[in-house]
>>> print(open('upload17.txt').read())   # compact mmCIF, C-alpha atoms and all ligand atoms
# COMPACT_ATOMS: atom_id res chain seq x y z
CA MET A 1 -82.88 -7.59 10.30
CA SER A 2 -80.70 -6.29 7.45
CA ILE A 3 -82.29 -4.38 4.60
CA PHE A 4 -81.44 -7.30 2.30
CA SER A 5 -83.17 -9.93 4.36
CA LEU A 6 -86.13 -7.61 4.80
CA LEU A 7 -86.39 -7.14 1.04
CA ARG A 8 -85.97 -10.86 0.50
CA SER A 9 -88.79 -11.70 2.88
CA TRP A 10 -91.10 -9.14 1.24
CA TRP A 11 -90.19 -10.56 -2.13
CA LYS A 12 -90.98 -14.07 -0.91
CA GLU A 13 -94.23 -13.00 0.67
CA PHE A 14 -95.57 -11.18 -2.40
CA PHE A 15 -94.08 -12.70 -5.52
CA SER A 16 -92.66 -16.15 -5.13
CA SER A 17 -95.58 -17.88 -3.44
CA PRO A 18 -96.95 -20.87 -5.33
CA ALA A 19 -100.37 -19.33 -5.76
CA ALA A 20 -99.24 -15.97 -7.08
CA ALA A 21 -98.13 -17.36 -10.42
CA GLY A 22 -101.41 -17.38 -12.35
CA PRO A 23 -105.12 -16.63 -12.18
CA THR A 24 -106.76 -17.41 -8.84
CA LEU A 25 -110.02 -18.97 -7.76
CA ARG A 26 -110.69 -15.76 -5.88
CA THR A 27 -110.70 -13.56 -8.96
CA TRP A 28 -112.70 -16.22 -10.79
CA ALA A 29 -115.32 -16.30 -8.01
CA GLN A 30 -115.60 -12.53 -7.89
CA LYS A 31 -116.27 -12.50 -11.61
CA LYS A 32 -118.93 -15.19 -11.27
CA ASN A 33 -120.47 -13.58 -8.20
CA ILE A 34 -120.19 -16.67 -6.00
CA ASP A 35 -118.12 -17.33 -2.87
CA ILE A 36 -115.23 -19.76 -3.02
CA GLY A 37 -114.32 -21.05 0.42
CA VAL A 38 -111.85 -23.34 2.14
CA ALA A 39 -111.66 -25.22 5.44
CA VAL A 40 -108.61 -24.16 7.46
CA THR A 41 -106.87 -24.73 10.76
CA ALA A 42 -105.17 -22.04 12.83
CA HIS A 43 -102.18 -24.34 13.18
CA HIS A 44 -101.45 -24.51 9.46
CA LEU A 45 -102.12 -20.78 8.98
CA ARG A 46 -99.53 -20.14 11.66
CA ALA A 47 -96.96 -22.70 10.60
CA ASN A 48 -96.93 -22.84 6.82
CA GLU A 49 -96.30 -19.93 4.51
CA SER A 50 -97.48 -21.65 1.31
CA TYR A 51 -100.71 -22.61 3.03
CA ARG A 52 -101.24 -19.08 4.33
CA THR A 53 -100.54 -17.52 0.94
CA ILE A 54 -102.96 -19.81 -0.85
CA VAL A 55 -105.74 -19.17 1.66
CA ALA A 56 -105.25 -15.40 1.39
CA GLN A 57 -105.02 -15.25 -2.38
CA GLU A 58 -107.35 -17.96 -3.60
CA PHE A 59 -110.45 -17.76 -1.40
CA THR A 60 -113.26 -15.33 -0.55
CA MET A 61 -114.64 -17.41 2.33
CA ILE A 62 -113.25 -19.47 5.21
CA THR A 63 -114.61 -22.31 7.35
CA PRO A 64 -112.69 -23.26 10.50
CA GLU A 65 -112.25 -27.01 9.91
CA ASN A 66 -112.54 -28.01 13.57
CA ALA A 67 -112.18 -24.95 15.80
CA LEU A 68 -115.91 -24.17 16.15
CA LYS A 69 -117.03 -27.70 16.96
CA MET A 70 -118.27 -28.28 20.49
CA GLY A 71 -115.41 -30.59 21.56
CA PRO A 72 -112.55 -28.29 20.52
CA LEU A 73 -114.39 -25.26 21.97
CA LEU A 74 -115.06 -26.95 25.32
CA PRO A 75 -111.96 -29.03 26.09
CA THR A 76 -112.58 -29.07 29.84
CA VAL A 77 -115.71 -28.88 31.94
CA GLY A 78 -117.50 -25.62 31.36
CA THR A 79 -114.45 -23.67 30.11
CA TYR A 80 -114.57 -22.32 26.58
CA ASP A 81 -111.39 -21.96 24.58
CA PHE A 82 -112.00 -19.61 21.68
CA ARG A 83 -108.34 -19.02 20.79
CA GLU A 84 -108.14 -21.17 17.64
CA ALA A 85 -111.43 -19.88 16.29
CA ASP A 86 -110.48 -16.28 17.06
CA GLU A 87 -107.22 -16.74 15.19
CA VAL A 88 -108.93 -18.06 12.08
CA LEU A 89 -111.49 -15.25 12.23
CA ALA A 90 -108.79 -12.61 12.56
CA PHE A 91 -107.14 -14.02 9.42
CA ALA A 92 -110.45 -13.87 7.55
CA LYS A 93 -111.01 -10.29 8.63
CA LYS A 94 -107.53 -9.24 7.56
CA HIS A 95 -108.07 -10.76 4.13
CA ASN A 96 -111.62 -9.54 3.69
CA GLN A 97 -113.14 -13.04 3.68
CA SER A 98 -116.56 -14.12 4.89
CA VAL A 99 -116.87 -16.96 7.39
CA ARG A 100 -119.03 -20.11 7.56
CA GLY A 101 -119.44 -21.28 11.14
CA HIS A 102 -119.22 -25.07 11.39
CA THR A 103 -120.99 -26.49 13.40
CA LEU A 104 -123.27 -26.00 16.41
CA VAL A 105 -125.03 -29.35 16.75
CA TRP A 106 -123.29 -32.59 15.73
CA HIS A 107 -122.93 -36.09 17.12
CA GLN A 108 -119.14 -36.16 16.60
CA GLN A 109 -116.30 -34.19 18.20
CA LEU A 110 -118.37 -33.65 21.32
CA PRO A 111 -116.55 -32.80 24.57
CA ALA A 112 -115.22 -36.10 25.97
CA TRP A 113 -116.26 -35.09 29.49
CA LEU A 114 -119.91 -34.30 28.63
CA PRO A 115 -122.11 -37.12 30.05
CA LEU A 116 -125.16 -36.37 27.88
CA GLU A 117 -126.60 -39.85 28.46
CA THR A 118 -127.01 -39.13 32.17
CA PHE A 119 -128.90 -35.85 31.60
CA SER A 120 -132.63 -35.25 31.81
CA VAL A 121 -134.31 -33.67 28.78
CA ILE A 122 -134.25 -30.30 30.51
CA GLU A 123 -130.58 -30.53 31.41
CA ALA A 124 -129.53 -31.59 27.90
CA GLN A 125 -131.67 -28.84 26.39
CA HIS A 126 -130.06 -26.33 28.68
CA VAL A 127 -126.52 -27.43 27.73
CA LEU A 128 -127.29 -27.13 24.02
CA ASP A 129 -129.17 -23.81 24.24
CA ASP A 130 -126.44 -22.31 26.34
CA HIS A 131 -123.72 -23.48 23.94
CA ILE A 132 -125.48 -22.19 20.82
CA THR A 133 -126.27 -18.84 22.43
CA LYS A 134 -122.73 -18.26 23.72
CA VAL A 135 -120.98 -19.16 20.48
CA VAL A 136 -123.36 -17.46 18.06
CA LYS A 137 -123.52 -14.26 20.15
CA ARG A 138 -119.75 -14.09 20.46
CA TYR A 139 -119.33 -14.11 16.69
CA ALA A 140 -122.42 -12.13 15.71
CA GLY A 141 -121.48 -9.78 12.89
CA GLN A 142 -118.38 -11.87 12.07
CA ILE A 143 -119.89 -15.21 11.09
CA GLY A 144 -122.52 -14.68 8.42
CA TYR A 145 -123.48 -18.35 7.95
CA TRP A 146 -123.88 -21.15 10.49
CA ASP A 147 -124.18 -24.89 9.96
CA VAL A 148 -126.62 -25.10 12.85
CA VAL A 149 -127.37 -28.81 12.61
CA ASN A 150 -124.93 -31.22 10.97
CA GLU A 151 -125.70 -34.77 9.79
CA ALA A 152 -129.01 -35.34 11.61
CA VAL A 153 -130.29 -37.77 8.96
CA ALA A 154 -129.03 -41.35 8.66
CA ASP A 155 -128.20 -42.96 5.32
CA ASP A 156 -131.54 -44.85 5.25
CA GLY A 157 -133.45 -41.59 5.65
CA ALA A 158 -134.40 -42.06 9.33
CA LEU A 159 -133.36 -39.48 11.88
CA ARG A 160 -129.85 -40.37 13.00
CA ASP A 161 -129.60 -41.91 16.44
CA THR A 162 -127.41 -39.31 18.18
CA PRO A 163 -126.78 -38.25 21.79
CA TRP A 164 -128.92 -35.15 21.07
CA LEU A 165 -131.85 -37.15 19.73
CA ARG A 166 -131.61 -39.58 22.64
CA SER A 167 -131.31 -36.93 25.32
CA ILE A 168 -133.72 -34.26 23.98
CA GLY A 169 -135.93 -35.88 21.33
CA VAL A 170 -136.78 -34.68 17.79
CA SER A 171 -137.40 -31.12 18.96
CA TYR A 172 -133.64 -30.57 19.25
CA ILE A 173 -133.48 -29.64 15.56
CA THR A 174 -136.19 -26.97 15.51
CA ASN A 175 -135.01 -25.66 18.82
CA ALA A 176 -131.40 -25.30 17.68
CA PHE A 177 -132.43 -23.07 14.76
CA GLN A 178 -134.66 -20.94 16.99
CA VAL A 179 -131.97 -20.42 19.59
CA ALA A 180 -129.32 -19.60 16.96
CA HIS A 181 -131.67 -17.10 15.33
CA ALA A 182 -132.37 -15.39 18.65
CA ALA A 183 -128.61 -15.12 19.28
CA ASP A 184 -127.90 -13.50 15.88
CA PRO A 185 -130.94 -12.57 13.80
CA GLN A 186 -128.67 -11.53 10.90
CA ALA A 187 -126.87 -14.85 10.45
CA LYS A 188 -128.04 -17.22 7.74
CA LEU A 189 -128.75 -20.61 9.25
CA PHE A 190 -128.04 -23.89 7.44
CA TYR A 191 -128.81 -27.57 7.69
CA ASN A 192 -125.67 -29.45 6.51
CA ASP A 193 -125.22 -33.11 5.54
CA TYR A 194 -123.35 -35.60 3.35
CA GLY A 195 -124.70 -38.34 1.11
CA GLY A 196 -127.74 -36.30 0.10
CA GLU A 197 -126.16 -34.69 -2.95
CA GLY A 198 -128.01 -36.68 -5.60
CA MET A 199 -131.44 -38.28 -5.60
CA ASN A 200 -131.80 -41.03 -3.00
CA LYS A 201 -133.54 -41.98 0.25
CA LYS A 202 -131.32 -39.70 2.25
CA SER A 203 -131.75 -36.62 0.07
CA ASP A 204 -135.53 -37.27 0.00
CA ALA A 205 -135.54 -37.36 3.81
CA ILE A 206 -133.47 -34.18 4.03
CA TYR A 207 -135.85 -32.50 1.57
CA VAL A 208 -138.87 -33.42 3.70
CA LEU A 209 -137.09 -32.34 6.88
CA VAL A 210 -136.21 -28.87 5.59
CA ARG A 211 -139.57 -28.43 3.84
CA ASP A 212 -141.36 -29.13 7.10
CA LEU A 213 -139.08 -26.80 9.05
CA LEU A 214 -139.91 -24.02 6.59
CA ARG A 215 -143.62 -24.85 6.78
CA ASP A 216 -143.39 -24.50 10.56
CA LYS A 217 -141.69 -21.09 10.13
CA VAL A 218 -138.44 -22.29 11.68
CA PRO A 219 -135.62 -19.82 10.89
CA LEU A 220 -133.76 -21.92 8.32
CA HIS A 221 -132.18 -20.13 5.37
CA GLY A 222 -129.98 -22.59 3.58
CA ILE A 223 -128.80 -26.08 3.00
CA GLY A 224 -125.24 -27.35 2.91
CA LEU A 225 -124.29 -30.20 0.59
CA GLN A 226 -120.96 -31.52 1.89
CA MET A 227 -119.86 -33.36 -1.29
CA HIS A 228 -117.11 -35.66 -0.04
CA LEU A 229 -117.25 -37.69 -3.23
CA ARG A 230 -115.29 -39.86 -5.63
CA PRO A 231 -115.25 -38.55 -9.22
CA TYR A 232 -118.57 -39.36 -10.89
CA GLU A 233 -119.87 -41.17 -7.81
CA VAL A 234 -123.07 -39.15 -8.22
CA PRO A 235 -124.30 -38.24 -11.71
CA ILE A 236 -124.15 -34.50 -12.18
CA GLU A 237 -127.76 -34.38 -13.50
CA GLU A 238 -128.95 -35.87 -10.20
CA ILE A 239 -127.15 -33.23 -8.19
CA ALA A 240 -128.65 -30.57 -10.46
CA HIS A 241 -132.11 -32.02 -9.93
CA ASN A 242 -131.71 -32.11 -6.17
CA ILE A 243 -130.33 -28.58 -6.05
CA ARG A 244 -133.27 -27.32 -8.08
CA ARG A 245 -135.86 -28.88 -5.79
CA LEU A 246 -134.13 -27.40 -2.72
CA ALA A 247 -133.84 -24.01 -4.42
CA ALA A 248 -137.56 -24.16 -5.18
CA LEU A 249 -138.19 -24.15 -1.43
CA GLY A 250 -136.50 -20.75 -1.33
CA LEU A 251 -133.33 -22.05 0.33
CA GLU A 252 -129.83 -20.79 -0.35
CA ILE A 253 -127.47 -23.62 -1.27
CA HIS A 254 -123.82 -23.96 -0.31
CA ILE A 255 -121.48 -26.73 -1.36
CA THR A 256 -119.83 -26.90 2.02
CA GLU A 257 -117.06 -29.54 2.11
CA LEU A 258 -116.09 -30.41 -1.43
CA ASP A 259 -113.32 -32.92 -2.04
CA LEU A 260 -113.00 -35.61 -4.72
CA ARG A 261 -110.88 -38.47 -3.46
CA LEU A 262 -108.87 -40.80 -5.68
CA ALA A 263 -107.79 -44.37 -4.97
CA LEU A 264 -103.99 -44.31 -4.59
CA PRO A 265 -101.79 -44.49 -6.54
CA ALA A 266 -103.84 -42.35 -8.90
CA THR A 267 -103.33 -42.58 -12.66
CA SER A 268 -103.27 -39.57 -14.97
CA ARG A 269 -106.68 -40.73 -16.19
CA ASP A 270 -108.03 -40.55 -12.61
CA GLN A 271 -106.60 -37.05 -12.29
CA GLU A 272 -108.16 -36.00 -15.56
CA GLN A 273 -111.57 -37.37 -14.50
CA GLN A 274 -111.25 -35.58 -11.20
CA ALA A 275 -110.52 -32.27 -12.95
CA GLN A 276 -113.56 -32.81 -15.18
CA TYR A 277 -115.86 -33.62 -12.23
CA PHE A 278 -114.62 -30.54 -10.35
CA GLU A 279 -115.40 -28.52 -13.46
CA ASP A 280 -118.89 -30.04 -13.79
CA ILE A 281 -119.69 -29.25 -10.15
CA PHE A 282 -118.46 -25.67 -10.46
CA GLN A 283 -120.43 -25.21 -13.70
CA LEU A 284 -123.53 -26.50 -11.99
CA ALA A 285 -123.04 -24.16 -9.04
CA ILE A 286 -122.63 -21.03 -11.13
CA ALA A 287 -125.62 -21.97 -13.30
CA GLU A 288 -127.95 -22.15 -10.28
CA PRO A 289 -128.68 -18.70 -8.82
CA ALA A 290 -129.58 -20.17 -5.40
CA CYS A 291 -126.11 -21.67 -5.08
CA ARG A 292 -124.04 -18.98 -3.40
CA ALA A 293 -120.85 -20.72 -2.24
CA ILE A 294 -118.49 -23.58 -2.99
CA VAL A 295 -116.20 -24.55 -0.11
CA LEU A 296 -113.24 -26.92 -0.52
CA TRP A 297 -112.56 -29.15 2.50
CA GLY A 298 -108.91 -28.29 2.90
CA VAL A 299 -106.17 -26.31 1.22
CA SER A 300 -103.90 -28.95 -0.29
CA ASP A 301 -103.39 -32.71 -0.56
CA ALA A 302 -100.80 -32.30 2.20
CA THR A 303 -103.40 -31.21 4.77
CA SER A 304 -106.60 -32.97 3.63
CA TRP A 305 -108.50 -35.15 6.12
CA ILE A 306 -109.04 -37.84 3.42
CA PRO A 307 -105.95 -40.08 3.85
CA GLY A 308 -106.63 -40.27 7.59
CA TYR A 309 -110.30 -41.26 7.20
CA PHE A 310 -110.54 -43.15 3.89
CA SER A 311 -107.72 -45.62 3.87
CA GLY A 312 -106.06 -45.95 0.44
CA TYR A 313 -107.49 -42.66 -0.84
CA GLY A 314 -106.06 -39.17 -1.27
CA GLU A 315 -105.22 -36.41 -3.78
CA ALA A 316 -108.71 -35.02 -3.19
CA LEU A 317 -108.12 -31.27 -3.53
CA VAL A 318 -106.98 -28.74 -6.14
CA PHE A 319 -103.49 -28.01 -4.73
CA ASP A 320 -101.00 -30.89 -4.49
CA GLU A 321 -98.78 -31.95 -1.59
CA GLN A 322 -96.26 -29.26 -2.56
CA TYR A 323 -99.00 -26.63 -2.69
CA ARG A 324 -98.84 -26.39 -6.49
CA PRO A 325 -102.09 -25.90 -8.43
CA LYS A 326 -103.27 -29.16 -10.04
CA ALA A 327 -105.04 -29.74 -13.36
CA ALA A 328 -108.39 -29.12 -11.66
CA HIS A 329 -107.29 -25.68 -10.49
CA ARG A 330 -106.10 -24.70 -13.96
CA ARG A 331 -109.44 -25.74 -15.43
CA LEU A 332 -111.55 -24.01 -12.79
CA VAL A 333 -109.99 -20.56 -13.08
CA GLU A 334 -110.75 -20.59 -16.79
CA LEU A 335 -114.44 -21.47 -16.54
C1 LIG A 401 -113.47 -33.55 9.76
C2 LIG A 401 -112.16 -32.79 9.82
O1 LIG A 401 -111.75 -32.49 8.51
C3 LIG A 401 -111.11 -33.60 10.54
O2 LIG A 401 -109.93 -32.84 10.74
C4 LIG A 401 -111.65 -34.07 11.90
O3 LIG A 401 -110.70 -34.92 12.52
C5 LIG A 401 -112.97 -34.79 11.73
O4 LIG A 401 -113.88 -33.97 11.04
N1 LIG A 401 -118.18 -33.91 7.82
C6 LIG A 401 -118.10 -32.75 8.54
C7 LIG A 401 -116.78 -32.23 8.94
O5 LIG A 401 -119.12 -32.10 8.76
O6 LIG A 401 -116.83 -31.53 10.15
C8 LIG A 401 -115.74 -33.30 9.01
O7 LIG A 401 -114.48 -32.70 9.25
C9 LIG A 401 -115.74 -34.12 7.74
C10 LIG A 401 -117.06 -34.78 7.51
>>> encode(input="upload17.txt", output="structure tokens")
Amino acid sequence: MSIFSLLRSWWKEFFSSPAAAGPTLRTWAQKKNIDIGVAVTAHHLRANESYRTIVAQEFTMITPENALKMGPLLPTVGTYDFREADEVLAFAKKHNQSVRGHTLVWHQQLPAWLPLETFSVIEAQHVLDDHITKVVKRYAGQIGYWDVVNEAVADDGALRDTPWLRSIGVSYITNAFQVAHAADPQAKLFYNDYGGEGMNKKSDAIYVLVRDLLRDKVPLHGIGLQMHLRPYEVPIEEIAHNIRRLAALGLEIHITELDLRLALPATSRDQEQQAQYFEDIFQLAIAEPACRAIVLWGVSDATSWIPGYFSGYGEALVFDEQYRPKAAHRRLVEL
């Protein structure tokens, strides 16, 4: 490599990245004493320089978007593949970022080959215990927060009918926290869900679930509110109320998967509303001492999961398809 191309690549790396232009979420978060996180994939970190630069410069915390789920970790019978997760964790370490582990027990992205429905209670319990122990032990000291159980409550407030509930019974929840705690007593353990951000049947059920876990001395330390929302879908006062009742239980609160999707094509009014709702949520988070992290579910509109899962929707994040900061980003760094 010639000295010129070397200089040019250094220049590109340090000065001409899209995120380097102005104030960052990272410096904002450090000032406010809260973590600002982002869901990432090893693939994009590897392949895309703008993506990599934004993750390094804008965030204090990282969540592997898929790499720590049971399916991706166990692609074939009994053989773990930790490569993607290791790669994301190495990036976090290099950039002095904390890590949220997502997620140990979920009903989606399970290994396709795992015939849970044919297992006895004891066999299913063994599979789950073994998985939690292996993964949590491997990353002890590197992953400070785990979403131990994800989405165990249905929208009507009943326990969700999942392969884990069917194969093990209700004890799978308590047990998962106990096993994770034994594997890494330092890690903070979370219950994570969507749709329970405001005040409704689901958030009431989640409240009762976590209150009872705490009453039974189950090692639960926090609650994750996913927040995949449309702007103003949930009144901000309701979220504040819900956060306060959870905080009163002594739980730490993380906003774990924030994105605010817009119906496409979005108008400038939609974008303005979105920026305002982002601002309201961030204001709420920094005003509540129990709220310790806000995690965005993706880096930019180019990599967000939204268009693939909510047909007709998109533009849900704070960097656009070209990795440029949007109105919401400009507002947030000035809060
Ligand atoms: C999503 C990922 O973003 C997608 O890439 C994947 O195909 C499906 O899962 N709630 C969760 C997350 O807890 O794990 C989900 O992530 C989004 C909804």
>>> atom_distance(input="upload17.txt", atom1="CA of Ala293 in chain A", atom2="CA of Asp129 in chain A")
27.9 Å
>>> residues_near_point(input="upload17.txt", point="(-116.9, -27.9, 21.9)", cutoff="10 Å", atoms="only C-alpha atoms", output="ChimeraX atom specification")
/A:66-76,78-82,103-105,109-112,114,131,135
>>> residues_near_ligand(input="upload17.txt", ligand="ligand LIG 401 (chain A)", cutoff="8 Å", atoms="only C-alpha atoms and all ligand atoms", output="list in words")
Ala39, Glu65, Asn66, Lys69, His102, Thr103, Gln108, Gln109, Asn150, Glu151, Asn192, Asp193, Tyr194, Gln226, His228, Glu257, Trp297, Gly298, Ser304, Trp305 and Ile306 of chain A
>>> atom_distance(input="upload17.txt", atom1="CA of Leu229 in chain A", atom2="CA of Met199 in chain A")
14.4 Å
>>> atom_distance(input="upload17.txt", atom1="CA of Ala140 in chain A", atom2="CA of Asn48 in chain A")
29.0 Å
>>> residues_around(input="upload17.txt", residues="range 172-187 of chain A", least_positions_apart="4", cutoff="10 Å", atoms="all atoms listed in the file", output="ChimeraX atom specification")
/A:100-101,104-105,124-125,128-150,152,164-168,191,209,213,216-221
>>> closest_residue(input="upload17.txt", among="A:Gln97, A:Asn200, A:Asn242, A:Ser311", to="Leu262 in chain A", atoms="all atoms listed in the file")
A:Ser311
>>> residues_around(input="upload17.txt", residues="Phe319 in chain A", least_positions_apart="2", cutoff="10 Å", atoms="only C-alpha atoms", output="number ranges by chain")
A: 18-19, 51, 54, 298-302, 315-317, 321-329
>>> residues_around(input="upload17.txt", residues="Asp155 in chain A", least_positions_apart="4", cutoff="8 Å", atoms="all atoms listed in the file", output="PyMOL selection string")
chain A and resi 195+201-202
>>> closest_residue(input="upload17.txt", among="A:Ile281, A:Leu189, A:Ala90, A:Ile253", to="Val234 in chain A", atoms="only C-alpha atoms")
A:Ile281
>>> closest_residue(input="upload17.txt", among="A:Thr256, A:Thr41, A:Thr53, A:Asn96", to="Thr24 in chain A", atoms="all atoms listed in the file")
A:Thr53
>>> closest_residue(input="upload17.txt", among="A:His95, A:Arg83, A:His44, A:Lys188", to="Phe59 in chain A", atoms="all atoms listed in the file")
A:His95
>>> decode(input="upload17.txt", residues="range 101-124 of chain A", atoms="N, CA and C atoms", output="PDB file, in the first residue's frame")
ATOM      1  N   GLY A 101     -27.085  -9.273  26.493  1.00  0.00           N
ATOM      2  CA  GLY A 101     -27.259 -10.591  25.878  1.00  0.00           C
ATOM      3  C   GLY A 101     -28.735 -10.820  25.590  1.00  0.00           C
ATOM      4  N   HIS A 102     -29.044 -11.179  24.349  1.00  0.00           N
ATOM      5  CA  HIS A 102     -30.442 -11.326  23.923  1.00  0.00           C
ATOM      6  C   HIS A 102     -30.534 -12.552  23.045  1.00  0.00           C
ATOM      7  N   THR A 103     -31.179 -13.584  23.411  1.00  0.00           N
ATOM      8  CA  THR A 103     -31.985 -13.852  24.583  1.00  0.00           C
ATOM      9  C   THR A 103     -31.924 -15.343  24.851  1.00  0.00           C
ATOM     10  N   LEU A 104     -32.059 -15.762  26.105  1.00  0.00           N
ATOM     11  CA  LEU A 104     -31.845 -17.182  26.430  1.00  0.00           C
ATOM     12  C   LEU A 104     -33.073 -18.047  26.183  1.00  0.00           C
ATOM     13  N   VAL A 105     -34.249 -17.531  26.527  1.00  0.00           N
ATOM     14  CA  VAL A 105     -35.459 -18.358  26.406  1.00  0.00           C
ATOM     15  C   VAL A 105     -36.513 -17.598  25.609  1.00  0.00           C
ATOM     16  N   TRP A 106     -36.821 -18.106  24.423  1.00  0.00           N
ATOM     17  CA  TRP A 106     -37.798 -17.456  23.539  1.00  0.00           C
ATOM     18  C   TRP A 106     -38.515 -18.545  22.763  1.00  0.00           C
ATOM     19  N   HIS A 107     -39.684 -18.206  22.229  1.00  0.00           N
ATOM     20  CA  HIS A 107     -40.414 -19.219  21.443  1.00  0.00           C
ATOM     21  C   HIS A 107     -40.101 -19.102  19.953  1.00  0.00           C
ATOM     22  N   GLN A 108     -39.349 -18.044  19.561  1.00  0.00           N
ATOM     23  CA  GLN A 108     -38.993 -17.919  18.142  1.00  0.00           C
ATOM     24  C   GLN A 108     -37.500 -18.145  17.939  1.00  0.00           C
ATOM     25  N   GLN A 109     -37.110 -18.316  16.674  1.00  0.00           N
ATOM     26  CA  GLN A 109     -35.709 -18.576  16.325  1.00  0.00           C
ATOM     27  C   GLN A 109     -35.121 -19.691  17.189  1.00  0.00           C
ATOM     28  N   LEU A 110     -35.905 -20.745  17.345  1.00  0.00           N
ATOM     29  CA  LEU A 110     -35.414 -21.958  18.002  1.00  0.00           C
ATOM     30  C   LEU A 110     -34.714 -22.822  16.944  1.00  0.00           C
ATOM     31  N   PRO A 111     -33.812 -23.723  17.360  1.00  0.00           N
ATOM     32  CA  PRO A 111     -33.178 -24.593  16.364  1.00  0.00           C
ATOM     33  C   PRO A 111     -34.255 -25.412  15.633  1.00  0.00           C
ATOM     34  N   ALA A 112     -34.179 -25.436  14.311  1.00  0.00           N
ATOM     35  CA  ALA A 112     -35.202 -26.130  13.515  1.00  0.00           C
ATOM     36  C   ALA A 112     -35.214 -27.629  13.830  1.00  0.00           C
ATOM     37  N   TRP A 113     -34.071 -28.155  14.244  1.00  0.00           N
ATOM     38  CA  TRP A 113     -33.972 -29.610  14.438  1.00  0.00           C
ATOM     39  C   TRP A 113     -34.418 -30.051  15.842  1.00  0.00           C
ATOM     40  N   LEU A 114     -34.750 -29.097  16.709  1.00  0.00           N
ATOM     41  CA  LEU A 114     -35.006 -29.447  18.117  1.00  0.00           C
ATOM     42  C   LEU A 114     -36.466 -29.890  18.324  1.00  0.00           C
ATOM     43  N   PRO A 115     -36.702 -31.200  18.526  1.00  0.00           N
ATOM     44  CA  PRO A 115     -38.098 -31.686  18.592  1.00  0.00           C
ATOM     45  C   PRO A 115     -38.660 -31.590  20.009  1.00  0.00           C
ATOM     46  N   LEU A 116     -38.785 -30.331  20.506  1.00  0.00           N
ATOM     47  CA  LEU A 116     -39.207 -30.144  21.899  1.00  0.00           C
ATOM     48  C   LEU A 116     -40.521 -30.860  22.229  1.00  0.00           C
ATOM     49  N   GLU A 117     -41.415 -30.917  21.229  1.00  0.00           N
ATOM     50  CA  GLU A 117     -42.738 -31.503  21.512  1.00  0.00           C
ATOM     51  C   GLU A 117     -42.673 -33.008  21.807  1.00  0.00           C
ATOM     52  N   THR A 118     -41.560 -33.631  21.448  1.00  0.00           N
ATOM     53  CA  THR A 118     -41.456 -35.077  21.725  1.00  0.00           C
ATOM     54  C   THR A 118     -40.751 -35.332  23.071  1.00  0.00           C
ATOM     55  N   PHE A 119     -40.295 -34.267  23.739  1.00  0.00           N
ATOM     56  CA  PHE A 119     -39.497 -34.459  24.957  1.00  0.00           C
ATOM     57  C   PHE A 119     -40.370 -34.599  26.197  1.00  0.00           C
ATOM     58  N   SER A 120     -39.864 -35.370  27.161  1.00  0.00           N
ATOM     59  CA  SER A 120     -40.488 -35.382  28.487  1.00  0.00           C
ATOM     60  C   SER A 120     -40.121 -34.075  29.185  1.00  0.00           C
ATOM     61  N   VAL A 121     -40.802 -33.782  30.303  1.00  0.00           N
ATOM     62  CA  VAL A 121     -40.490 -32.585  31.077  1.00  0.00           C
ATOM     63  C   VAL A 121     -39.004 -32.577  31.434  1.00  0.00           C
ATOM     64  N   ILE A 122     -38.516 -33.708  31.883  1.00  0.00           N
ATOM     65  CA  ILE A 122     -37.117 -33.770  32.337  1.00  0.00           C
ATOM     66  C   ILE A 122     -36.153 -33.525  31.182  1.00  0.00           C
ATOM     67  N   GLU A 123     -36.456 -34.082  30.037  1.00  0.00           N
ATOM     68  CA  GLU A 123     -35.573 -33.879  28.884  1.00  0.00           C
ATOM     69  C   GLU A 123     -35.567 -32.408  28.440  1.00  0.00           C
ATOM     70  N   ALA A 124     -36.753 -31.820  28.369  1.00  0.00           N
ATOM     71  CA  ALA A 124     -36.841 -30.413  27.926  1.00  0.00           C
ATOM     72  C   ALA A 124     -36.116 -29.508  28.919  1.00  0.00           C
TER      73      ALA A 124
END
